[in-house]
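Peer 1: The structure file entry.cif (mmCIF, C-alpha atoms) is provided below.
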data_protein
loop_
_atom_site.label_atom_id
_atom_site.label_comp_id
_atom_site.auth_asym_id
_atom_site.auth_seq_id
_atom_site.Cartn_x
_atom_site.Cartn_y
_atom_site.Cartn_z
CA MET A 675 4.99 -13.66 17.57
CA LYS A 676 4.06 -11.89 14.34
CA GLN A 677 7.11 -11.44 12.12
CA ASN A 678 5.91 -9.54 9.08
CA VAL A 679 6.30 -5.82 8.34
CA PHE A 680 3.13 -5.91 6.27
CA GLU A 681 1.15 -7.18 9.27
CA VAL A 682 2.41 -4.23 11.33
CA LEU A 683 1.42 -1.83 8.55
CA MET A 684 -2.03 -3.40 8.28
CA TYR A 685 -2.50 -3.14 12.04
CA LEU A 686 -1.64 0.57 11.95
CA PHE A 687 -3.73 1.25 8.87
CA GLU A 688 -6.82 -0.54 10.15
CA ASN A 689 -6.62 0.82 13.70
CA TYR A 690 -5.53 4.39 13.09
CA LEU A 691 -5.24 5.66 9.56
CA TYR A 692 -8.37 4.12 8.07
CA ASN A 693 -10.53 4.97 11.08
CA ASP A 694 -9.24 8.56 11.35
CA GLU A 695 -8.19 7.84 14.92
CA GLU A 696 -5.37 9.89 16.38
CA PRO A 697 -2.45 7.49 16.85
CA GLY A 698 -0.60 9.45 19.52
CA ASP A 699 3.17 9.63 19.65
CA ARG A 700 5.57 7.09 18.22
CA ASP A 701 6.62 5.72 21.61
CA SER A 702 3.06 4.89 22.63
CA LEU A 703 2.45 3.30 19.22
CA GLU A 704 5.58 1.16 19.61
CA SER A 705 4.40 0.03 23.06
CA GLU A 706 0.98 -0.87 21.69
CA LEU A 707 2.55 -2.80 18.81
CA HIS A 708 4.79 -4.70 21.24
CA GLU A 709 1.72 -5.58 23.31
CA ALA A 710 -0.02 -6.76 20.13
CA GLY A 711 2.82 -9.25 19.60
CA PHE A 712 5.04 -7.58 17.02
CA SER A 713 8.83 -7.75 17.33
CA ALA A 714 10.97 -4.62 17.77
CA MET A 715 12.70 -5.24 14.44
CA GLU A 716 9.42 -5.50 12.51
CA ILE A 717 8.06 -2.39 14.23
CA ARG A 718 11.21 -0.46 13.33
CA LYS A 719 11.02 -1.64 9.70
CA ALA A 720 7.35 -0.68 9.51
CA PHE A 721 8.08 2.84 10.78
CA GLU A 722 10.92 3.14 8.24
CA TRP A 723 8.49 2.02 5.52
CA LEU A 724 5.96 4.65 6.64
CA ASP A 725 8.66 7.34 6.91
CA ALA A 726 9.73 6.66 3.31
CA LEU A 727 6.09 6.85 2.23
CA ALA A 728 5.66 10.17 4.05
CA ASP A 729 8.87 11.51 2.48
CA SER A 730 7.40 10.80 -0.95
CA ARG A 731 4.77 13.47 -0.37
CA VAL A 732 7.37 16.19 -0.93
CA LEU A 733 8.74 14.82 -4.20
CA PRO A 734 8.06 17.02 -7.24
CA ALA A 735 5.40 15.75 -9.61
CA ALA A 736 6.47 14.45 -12.98
CA PRO A 737 5.10 16.11 -16.10
CA SER A 738 1.72 14.68 -16.99
CA GLY A 739 0.12 14.04 -20.34
CA LYS A 740 2.90 11.85 -21.66
CA SER A 741 2.09 8.20 -22.06
CA SER A 742 4.77 5.64 -21.55
CA ILE A 743 5.25 1.92 -21.37
CA ARG A 744 6.39 0.47 -18.07
CA LEU A 745 8.91 -2.34 -18.27
CA PHE A 746 9.46 -4.29 -15.08
CA GLY A 747 13.01 -4.93 -13.91
CA ASP A 748 14.38 -8.21 -12.57
CA PRO A 749 13.69 -7.42 -8.87
CA GLU A 750 10.06 -6.60 -9.73
CA LEU A 751 9.69 -9.68 -11.93
CA ALA A 752 11.04 -11.84 -9.11
CA ARG A 753 8.58 -10.45 -6.55
CA LEU A 754 5.44 -9.81 -8.61
CA ASP A 755 3.64 -12.43 -10.65
CA THR A 756 1.89 -11.71 -13.94
CA GLU A 757 -1.47 -11.12 -12.25
CA THR A 758 -0.15 -8.47 -9.85
CA ARG A 759 1.86 -6.67 -12.54
CA GLY A 760 -1.19 -6.69 -14.82
CA PHE A 761 -3.37 -5.33 -12.03
CA ILE A 762 -1.00 -2.43 -11.40
CA LEU A 763 -0.90 -1.58 -15.11
CA TYR A 764 -4.68 -1.90 -15.34
CA LEU A 765 -5.12 0.60 -12.50
CA GLU A 766 -2.88 3.03 -14.33
CA GLN A 767 -4.80 2.59 -17.59
CA VAL A 768 -8.15 3.32 -15.92
CA GLY A 769 -6.74 6.36 -14.10
CA ILE A 770 -6.65 5.12 -10.52
CA LEU A 771 -2.84 5.22 -10.49
CA THR A 772 -0.71 7.91 -12.05
CA ALA A 773 2.81 7.19 -13.27
CA GLU A 774 4.13 8.67 -10.00
CA SER A 775 1.81 6.71 -7.74
CA ARG A 776 2.56 3.53 -9.73
CA GLU A 777 6.28 4.00 -9.14
CA LEU A 778 5.69 4.73 -5.46
CA VAL A 779 3.55 1.58 -5.17
CA LEU A 780 6.32 -0.48 -6.76
CA ASP A 781 8.91 1.11 -4.48
CA ARG A 782 6.85 0.37 -1.37
CA ILE A 783 6.17 -3.21 -2.50
CA LEU A 784 9.87 -3.85 -3.00
CA ALA A 785 10.54 -2.34 0.45
CA LEU A 786 8.48 -5.11 2.07
CA ASP A 787 10.42 -8.12 3.33
CA ASP A 788 8.27 -10.69 1.58
CA HIS A 789 9.98 -12.46 -1.30
CA GLU A 790 6.86 -12.87 -3.39
CA VAL A 791 3.94 -10.51 -3.00
CA ASP A 792 0.37 -11.61 -3.67
CA LEU A 793 -2.44 -9.57 -5.20
CA ASP A 794 -4.13 -8.83 -1.86
CA THR A 795 -0.90 -7.37 -0.47
CA VAL A 796 -0.50 -5.24 -3.61
CA LYS A 797 -4.06 -3.93 -3.25
CA TRP A 798 -3.43 -2.90 0.36
CA VAL A 799 -0.13 -1.21 -0.52
CA ILE A 800 -1.92 0.71 -3.29
CA LEU A 801 -4.60 1.78 -0.82
CA MET A 802 -1.96 2.95 1.69
CA VAL A 803 -0.05 4.87 -0.98
CA LEU A 804 -3.18 6.59 -2.33
CA PHE A 805 -4.34 7.41 1.20
CA ASN A 806 -1.03 9.18 1.80
CA ARG A 807 -0.91 11.17 -1.46
CA PRO A 808 -2.42 14.65 -1.51
CA GLY A 809 -4.84 15.10 -4.40
CA GLU A 810 -5.44 11.34 -4.76
CA GLU A 811 -8.64 11.24 -2.73
CA GLU A 812 -10.81 10.26 -5.70
CA ALA A 813 -8.38 7.54 -6.75
CA TYR A 814 -8.31 6.30 -3.15
CA ASN A 815 -12.12 6.11 -3.11
CA TRP A 816 -12.14 4.21 -6.42
CA MET A 817 -9.57 1.77 -5.11
CA GLU A 818 -11.44 1.34 -1.85
CA ASN A 819 -14.65 0.61 -3.76
CA LEU A 820 -12.80 -1.81 -6.00
CA MET A 821 -11.52 -3.70 -2.96
CA PHE A 822 -14.59 -3.73 -0.75
CA ASP A 823 -17.64 -3.53 -2.98
CA VAL A 824 -18.77 -7.05 -3.64
CA PRO A 825 -20.65 -7.22 -6.93
CA THR A 826 -24.17 -8.45 -6.58
CA HIS A 827 -25.59 -10.82 -9.14
CA LEU A 828 -29.21 -10.32 -9.99
CA VAL A 829 -31.32 -13.42 -10.40
CA HIS A 830 -34.06 -13.13 -12.98
#
As structure tokens, how would this structure be written, given the file I've shared?

Peer 2:
Amino acid sequence: MKQNVFEVLMYLFENYLYNDEEPGDRDSLESELHEAGFSAMEIRKAFEWLDALADSRVLPAAPSGKSSIRLFGDPELARLDTETRGFILYLEQVGILTAESRELVLDRILALDDHEVDLDTVKWVILMVLFNRPGEEEAYNWMENLMFDVPTHLVH
């Protein structure tokens, strides 16, 4: 049996959100997830994670134009290695993440049950957050290209 909230989120994202398929009601989704092998507790946690992400859509935007330095707290340092923290800051520097979306990404990462989160998990959480944020369509497309476009090397 699959026992990871992130796996439930990935299943939902790949089968419904990413493919623009209509997921139906919550009860039918829960039944499908049970049939796919997910436990009731993990399904409940995944829906709570998604509800919190959806609730973030109504938060007021912070003033823009002010640059700041992000210091990571102990819970973030314990869960994110140097590579993942650097990647998040890099995405903010190049404009894919805003200060608000960065904070939402960090919040959603910490809401996962995993003790240490790898770079691939962080990339997927970023993609899910950007997909959910109104006005972040261009950033979502950039992130999607960053994840899925494999650079080609030309041989001369």

Peer 1: Can you list, as a list of chain:residue names, every protein, DNA or RNA residue that comes within 10 Å of Met817 in chain A when you count all atoms listed in the file, leaving out same-chain residues fewer than 6 positions away?

Peer 2: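 Non-adjacent residues within range: A:Leu765, A:Ile770, A:Leu771, A:Lys797, A:Trp798, A:Ile800, A:Leu801, A:Leu804, A:Phe805, A:Glu811, A:Asp823.
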
Peer 1: Given all atoms listed in the file, how would the per-residue table for range 723-791 of chain A near range 680-684 of chain A read, listing every residue at most 9 Å away with its closest atom pair and distance in Å to one decimal, sorted by chain and number, as JSON lines?

Peer 2:
{"residue": "A:Trp723", "atom": "CA", "partner": "A:Leu683", "partner_atom": "CA", "distance": 8.6}
{"residue": "A:Leu724", "atom": "CA", "partner": "A:Leu683", "partner_atom": "CA", "distance": 8.1}
{"residue": "A:Leu786", "atom": "CA", "partner": "A:Phe680", "partner_atom": "CA", "distance": 6.8}
{"residue": "A:Asp787", "atom": "CA", "partner": "A:Phe680", "partner_atom": "CA", "distance": 8.2}
{"residue": "A:Asp788", "atom": "CA", "partner": "A:Phe680", "partner_atom": "CA", "distance": 8.4}

Peer 1: Set the distance at 12 Å and use all atoms listed in the file: which residues neighbour Val679 in chain A once local chain neighbours fewer than 2 positions away are removed? I'd like the list as a ChimeraX atom specification.

Peer 2: /A:676-677,681-686,707,712-724,782-783,785-788,795,799

Peer 1: Calculate, to one decimal in Å, the centre and edge lengths of the box along x, y and z of the file that holds all listed atoms of range 676-687 of chain A with 5 Å of margin on each side, and present them as JSON.

Peer 2:
{"center_x": 1.7, "center_y": -5.3, "center_z": 10.3, "size_x": 20.8, "size_y": 23.1, "size_z": 18.1}

Peer 1: Counting all atoms listed in the file, which residue out of A:Glu812, A:Leu727, A:Asp794, A:Arg744 sits closest to Arg776 in chain A?

Peer 2: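 The shortest atom-to-atom distance to Arg776 in chain A comes from A:Arg744.
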
Peer 1: Would you please work out which residue, of A:Leu820, A:Leu784, A:Leu703, A:Leu778, is nearest to Ala728 in chain A when using all atoms listed in the file?

Peer 2: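 For Ala728 in chain A, the nearest of the candidates is A:Leu778.
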
Peer 1: Selected by the PyMOL selection byres ((chain A and resi 759) around 12) in the shown coordinates: which residues, as JSON, numbers by chain?

Peer 2: {"A": [744, 745, 746, 747, 750, 751, 752, 753, 754, 755, 756, 757, 758, 760, 761, 762, 763, 764, 765, 766, 776, 779, 780, 783, 791, 792, 793, 796, 797]}

Peer 1: Can those selected residues be exported to a file as an mmCIF file, keeping the file's coordinate frame so that it contains C-alpha atoms?

Peer 2:
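Result file is part32.cif:
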data_model
loop_
_atom_site.group_PDB
_atom_site.id
_atom_site.type_symbol
_atom_site.label_atom_id
_atom_site.label_comp_id
_atom_site.auth_asym_id
_atom_site.auth_seq_id
_atom_site.Cartn_x
_atom_site.Cartn_y
_atom_site.Cartn_z
ATOM 1 C CA ARG A 744 6.390 0.470 -18.070
ATOM 2 C CA LEU A 745 8.910 -2.340 -18.270
ATOM 3 C CA PHE A 746 9.460 -4.290 -15.080
ATOM 4 C CA GLY A 747 13.010 -4.930 -13.910
ATOM 5 C CA GLU A 750 10.060 -6.600 -9.730
ATOM 6 C CA LEU A 751 9.690 -9.680 -11.930
ATOM 7 C CA ALA A 752 11.040 -11.840 -9.110
ATOM 8 C CA ARG A 753 8.580 -10.450 -6.550
ATOM 9 C CA LEU A 754 5.440 -9.810 -8.610
ATOM 10 C CA ASP A 755 3.640 -12.430 -10.650
ATOM 11 C CA THR A 756 1.890 -11.710 -13.940
ATOM 12 C CA GLU A 757 -1.470 -11.120 -12.250
ATOM 13 C CA THR A 758 -0.150 -8.470 -9.850
ATOM 14 C CA GLY A 760 -1.190 -6.690 -14.820
ATOM 15 C CA PHE A 761 -3.370 -5.330 -12.030
ATOM 16 C CA ILE A 762 -1.000 -2.430 -11.400
ATOM 17 C CA LEU A 763 -0.900 -1.580 -15.110
ATOM 18 C CA TYR A 764 -4.680 -1.900 -15.340
ATOM 19 C CA LEU A 765 -5.120 0.600 -12.500
ATOM 20 C CA GLU A 766 -2.880 3.030 -14.330
ATOM 21 C CA ARG A 776 2.560 3.530 -9.730
ATOM 22 C CA VAL A 779 3.550 1.580 -5.170
ATOM 23 C CA LEU A 780 6.320 -0.480 -6.760
ATOM 24 C CA ILE A 783 6.170 -3.210 -2.500
ATOM 25 C CA VAL A 791 3.940 -10.510 -3.000
ATOM 26 C CA ASP A 792 0.370 -11.610 -3.670
ATOM 27 C CA LEU A 793 -2.440 -9.570 -5.200
ATOM 28 C CA VAL A 796 -0.500 -5.240 -3.610
ATOM 29 C CA LYS A 797 -4.060 -3.930 -3.250
#

Peer 1: Please indicate the distance in Å from CA of Glu818 in chain A to CA of Glu688 in chain A, rounded to one decimal place.

Peer 2: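 Answer for the CA of Glu818 in chain A to CA of Glu688 in chain A separation: 13.0 Å.
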
Peer 1: Quick one, how far is CA of Ala726 in chain A from CA of Asp781 in chain A?

Peer 2: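 These two atoms are separated by 9.6 Å.
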
Peer 1: What is the distance, in Å and to one decimal place, between CA of Asp748 in chain A and CA of Thr772 in chain A?

Peer 2: 22.1 Å

Peer 1: Mind writing range 737-830 of chain A to a file for me, with C-alpha atoms, as a short mmCIF file (atom, residue, chain, number, x, y, z; two decimals), in the first residue's frame?

Peer 2:
data_model
loop_
_atom_site.label_atom_id
_atom_site.label_comp_id
_atom_site.auth_asym_id
_atom_site.auth_seq_id
_atom_site.Cartn_x
_atom_site.Cartn_y
_atom_site.Cartn_z
CA PRO A 737 3.70 44.75 -1.95
CA SER A 738 6.06 44.14 -4.83
CA GLY A 739 9.21 45.92 -5.85
CA LYS A 740 10.98 45.46 -2.55
CA SER A 741 13.90 43.09 -2.54
CA SER A 742 14.64 41.08 0.53
CA ILE A 743 16.91 38.34 1.73
CA ARG A 744 15.30 35.07 2.74
CA LEU A 745 16.76 33.37 5.78
CA PHE A 746 15.69 29.79 6.34
CA GLY A 747 14.48 28.74 9.78
CA ASP A 748 15.43 25.55 11.62
CA PRO A 749 12.45 23.49 10.35
CA GLU A 750 13.33 24.44 6.75
CA LEU A 751 17.04 23.76 7.28
CA ALA A 752 16.19 20.34 8.70
CA ARG A 753 14.02 19.39 5.72
CA LEU A 754 15.76 21.07 2.79
CA ASP A 755 19.37 20.52 1.81
CA THR A 756 21.60 23.23 0.36
CA GLU A 757 20.78 22.25 -3.23
CA THR A 758 17.01 22.55 -2.77
CA ARG A 759 17.24 25.83 -0.87
CA GLY A 760 19.55 27.22 -3.55
CA PHE A 761 17.17 26.10 -6.28
CA ILE A 762 14.23 27.87 -4.65
CA LEU A 763 16.25 31.08 -4.27
CA TYR A 764 17.49 30.78 -7.86
CA LEU A 765 13.91 30.54 -9.14
CA GLU A 766 13.06 33.69 -7.24
CA GLN A 767 16.09 35.53 -8.62
CA VAL A 768 15.19 34.67 -12.23
CA GLY A 769 11.54 35.65 -11.69
CA ILE A 770 9.83 32.27 -11.78
CA LEU A 771 8.87 32.56 -8.10
CA THR A 772 7.68 35.70 -6.40
CA ALA A 773 8.22 36.27 -2.68
CA GLU A 774 4.63 35.12 -2.10
CA SER A 775 4.87 32.00 -4.22
CA ARG A 776 8.24 31.17 -2.61
CA GLU A 777 6.66 31.33 0.84
CA LEU A 778 3.71 29.24 -0.32
CA VAL A 779 6.11 26.66 -1.79
CA LEU A 780 7.99 26.48 1.52
CA ASP A 781 4.72 26.18 3.43
CA ARG A 782 3.49 23.35 1.21
CA ILE A 783 6.85 21.55 1.41
CA LEU A 784 6.79 21.68 5.20
CA ALA A 785 3.19 20.39 5.12
CA LEU A 786 4.39 17.15 3.50
CA ASP A 787 5.07 14.25 5.85
CA ASP A 788 8.53 13.50 4.50
CA HIS A 789 11.35 14.37 6.87
CA GLU A 790 13.81 15.34 4.16
CA VAL A 791 12.62 16.56 0.80
CA ASP A 792 14.65 16.02 -2.36
CA LEU A 793 15.00 18.36 -5.33
CA ASP A 794 12.52 16.45 -7.52
CA THR A 795 9.83 16.72 -4.85
CA VAL A 796 10.51 20.46 -4.52
CA LYS A 797 10.20 20.91 -8.28
CA TRP A 798 6.82 19.16 -8.31
CA VAL A 799 5.55 21.18 -5.35
CA ILE A 800 6.62 24.38 -7.15
CA LEU A 801 4.77 23.24 -10.27
CA MET A 802 1.62 22.48 -8.25
CA VAL A 803 1.77 25.84 -6.46
CA LEU A 804 2.28 27.81 -9.70
CA PHE A 805 -0.49 25.85 -11.41
CA ASN A 806 -2.86 26.90 -8.63
CA ARG A 807 -1.93 30.61 -8.52
CA PRO A 808 -3.88 33.02 -10.70
CA GLY A 809 -1.60 35.21 -12.80
CA GLU A 810 1.32 32.75 -12.57
CA GLU A 811 0.69 31.05 -15.90
CA GLU A 812 3.93 32.30 -17.46
CA ALA A 813 5.94 31.25 -14.41
CA TYR A 814 4.22 27.85 -14.52
CA ASN A 815 5.19 27.44 -18.19
CA TRP A 816 8.81 28.41 -17.43
CA MET A 817 8.94 25.92 -14.58
CA GLU A 818 7.35 23.21 -16.70
CA ASN A 819 9.93 23.83 -19.44
CA LEU A 820 12.71 23.79 -16.88
CA MET A 821 11.54 20.40 -15.61
CA PHE A 822 10.70 18.64 -18.86
CA ASP A 823 12.85 20.14 -21.60
CA VAL A 824 15.93 18.02 -21.89
CA PRO A 825 18.78 20.09 -23.29
CA THR A 826 20.17 18.74 -26.50
CA HIS A 827 23.89 18.76 -27.10
CA LEU A 828 24.98 19.47 -30.61
CA VAL A 829 27.83 17.42 -31.97
CA HIS A 830 30.08 19.25 -34.38
#
